[in-house]
Amino acid sequence: MPRLSPYRRLFRLPGTRAFTAGNLIARLPMGMFSVSAVVMIAGSRGSYALAGAVTATGLAATALVAPWIARLVDRYGQARVALPATVIAVLGSLSLLLCVRYDAPDWTLFASYAATATTPNTGGMSRARWAHLLAGDPEALHTANSFEQAADELCFMLGPVLAAFLCGTLFPEAGTLAGAVLLLTGMALFTSRRATEPPVRAPIPGRAPLRAPGIPPLLAVCLAMGGVFGATEVVTLAYADAQGRQAVAGAVLALQAAGSCAAGLRYGAVKPTGPAAARLPWCVAAMAALLTLPLLAAALTGSLLLLAAALLVAGMATAPTMVTTMTLVQERTPEGRLNEGMTLAVTGLLGGIACGSATGGWAVEHLSPTAGYVVPVTAAAVALTLSLALSAQSSSNRFTKTLTHH
C-alpha cells in the first residue's frame with residue numbers, strides 16, 4: 001500500500017480539496033462520452049462504422065482545437081475561458097443526443113460531436129494549479145502529478161463502465177446526458193475555486209511551447225505512447241470478441257487501468273531520484289518489457305483470465321511513465337504557458353491513440369487478435385528509442401552548460 005502521508009500534506013493546503021472534487025467530477029465524463037456515443041449511434045442507426053467515424057471526427061477536432069483553448073486559458077485565466085468552452089461542448093453533446101433521437105441526417109452527428117472538442121483539458125488545468133501552489137517544492141509536485149495521473153486512470157476505468165451501465169439499464173442516450181451534466185457541474189465547481197487558480201500573465205511571456213527546446217521530441221514520445229494505449233484497447237476488445245466474451249472486455253481493460261492507478265499512487269509516495277529526463281527511459285523500458293506479458297499470455301495460453309492478469313501487471317508501468325513525461329513537460333514549457341504545453345502532450349497522446357487503434361485494427365483483421373499484441377510492444381519499443389535519444393540530448397545539454405559555466 002502507498003504511504004499516504006505525502007497525499008495528506010497535499011490536501012491540507014487551503015482550497016485543494018474543493019478544486020480536486022470539481023476536477024474529478026468534470027473529468028469522469030472523459031471516459032464516458034466515446035462509449036456513450038458509440039452505443040447511442042450504433043443502436044439507433046445500426047452502424048458501428050458510422051459510430052466509429054463520428055467519434056474519430058471528434059478526436060481529430062480535439063487535436064486541433066484543444067491547444068487553442070489551452071492557450072486562451074493561459075492568456076485569460078481558467079474561470080474566464082474554461083466554463084464558456086465547457087458550455088459549448090455540453091451543447092454539442094446535447095445536440096448529438098437530439099440528432100440521434102430524432103433521426104437527423106448523418107452529417108449533423110459529425111457536426112455536433114465536433115463541437116465537443118472545446119472541452120478544456122481539465123487534468124492539465126488541475127496540474128497547473130498544483131504547479132502554482134507547490135512552486136519550489138519538486139517532491140510535493142511529484143506527489144501531486146502522481147495523484148493526477150492516478151485520477152486519470154480511475155476516471156478512464158470507471159467512465160466506460162458507468163456509461164455502459166446507464167445506456168443499457170435506462171435508455172441509449174442516458175450515458176451522453178449524464179456525462180454532459182457531470183461535465184458542466186464539475187467545471188462550474190472547479191472554476192469557482194478562484195483562490196487556487198494560477199495568476200494570468202499578460203502578455204504571455206516566452207515562445208510558444210511547440211517551439212520551446214526539448215518539447216518537440218517529447219511530443220514524439222507521447223505520440224508513440226499513445227500508440228501503445230490505442231492498440232492495446234482495440235486488440236483486447238477483438239481478442240475478447242474472438243473468444244465470445246465481448247461483454248467482459250471492458251472489465252479486462254479496467255484491470256489495466258487499475259494497475260496503473262495503484263502504481264501511480266505508490267510512485268507518488270516515493271521520493272524521485274535524479275532528473276526526470278534520466279528516469280524516463282527506465283520507465284518506458286519497464287513499459288515495453290511488461291507489455292510482452294499480454295502477448296505471451298495470448299499466444300501461449302489463450303486464456304482471457306491470464307490475459308487480464310497480464311494486463312493488470314503491464315498497466316503498472318503506465319502511470320510512472322506518464323507522471324515522468326508530464327514532469328518533463330512542466331519543466332520545459334515556457335513560463336505562463338503550462339496549460340498549452342500539457343495540452344500539446346495530451347494532443348500527442350490522442351494522435352498516437354488514433355494511429356495505434358488503426359494499426360491494431362489492421363493487425364487483428366489481417367493477421368489475428370493474438371498477433372495484434374505485437375503492435376503495442378512495437379510502439380513501446382519506438383517510445384523507448386525516442387526517450388533514450390531525449391535523455392542523451394538532455395545529458396549533453398547539461399554537460400555543455402557545465403563547461404560553459406566553468
# chains A, B, ... in the order shown; residues from 1 in each chain; ligands from 1

call {"tool": "residues_around", "arguments": {"residues": "segment 184-191 of chain A", "least_positions_apart": "5", "cutoff": "10 Å", "atoms": "only C-alpha atoms", "output": "MDAnalysis selection string"}}
result
chainID A and resid 18:29 77:84 86:87 89:90 119:120 122 125:126 179 196:197

call {"tool": "residues_around", "arguments": {"residues": "Ala70 of chain A", "least_positions_apart": "3", "cutoff": "8 Å", "atoms": "only C-alpha atoms", "output": "PyMOL selection string"}}
result
chain A and resi 66-67+73-74+120-121+339-340+343

call {"tool": "residues_around", "arguments": {"residues": "Leu265 of chain A", "least_positions_apart": "3", "cutoff": "12 Å", "atoms": "only C-alpha atoms", "output": "count of residues only"}}
result
33

call {"tool": "residues_around", "arguments": {"residues": "Phe110 of chain A", "least_positions_apart": "6", "cutoff": "12 Å", "atoms": "only C-alpha atoms", "output": "list in words"}}
result
Ala37, Ile41, Leu50, Ala51, Gly52, Ala53, Val54, Thr55, Ala56, Thr57, Gly58, Leu59, Ala60, Ala61, Gly92, Ser93, Ser95, Leu96, Leu97, Cys99, Val100, Ala104, Thr116 and Ala117 of chain A

call {"tool": "select_by_dssp", "arguments": {"residues": "segment 112-315 of chain A", "states": "helix (DSSP H, G or I)", "output": "VMD selection string"}}
result
chain A and resid 112 to 118 122 to 133 138 to 169 174 to 192 194 to 196 209 to 211 215 to 242 246 to 268 276 to 290 292 to 301 304 to 315

call {"tool": "closest_residue", "arguments": {"among": "A:Met326, A:Val235, A:Cys155, A:Ala310", "to": "Glu365 of chain A", "atoms": "only C-alpha atoms"}}
result
A:Val235
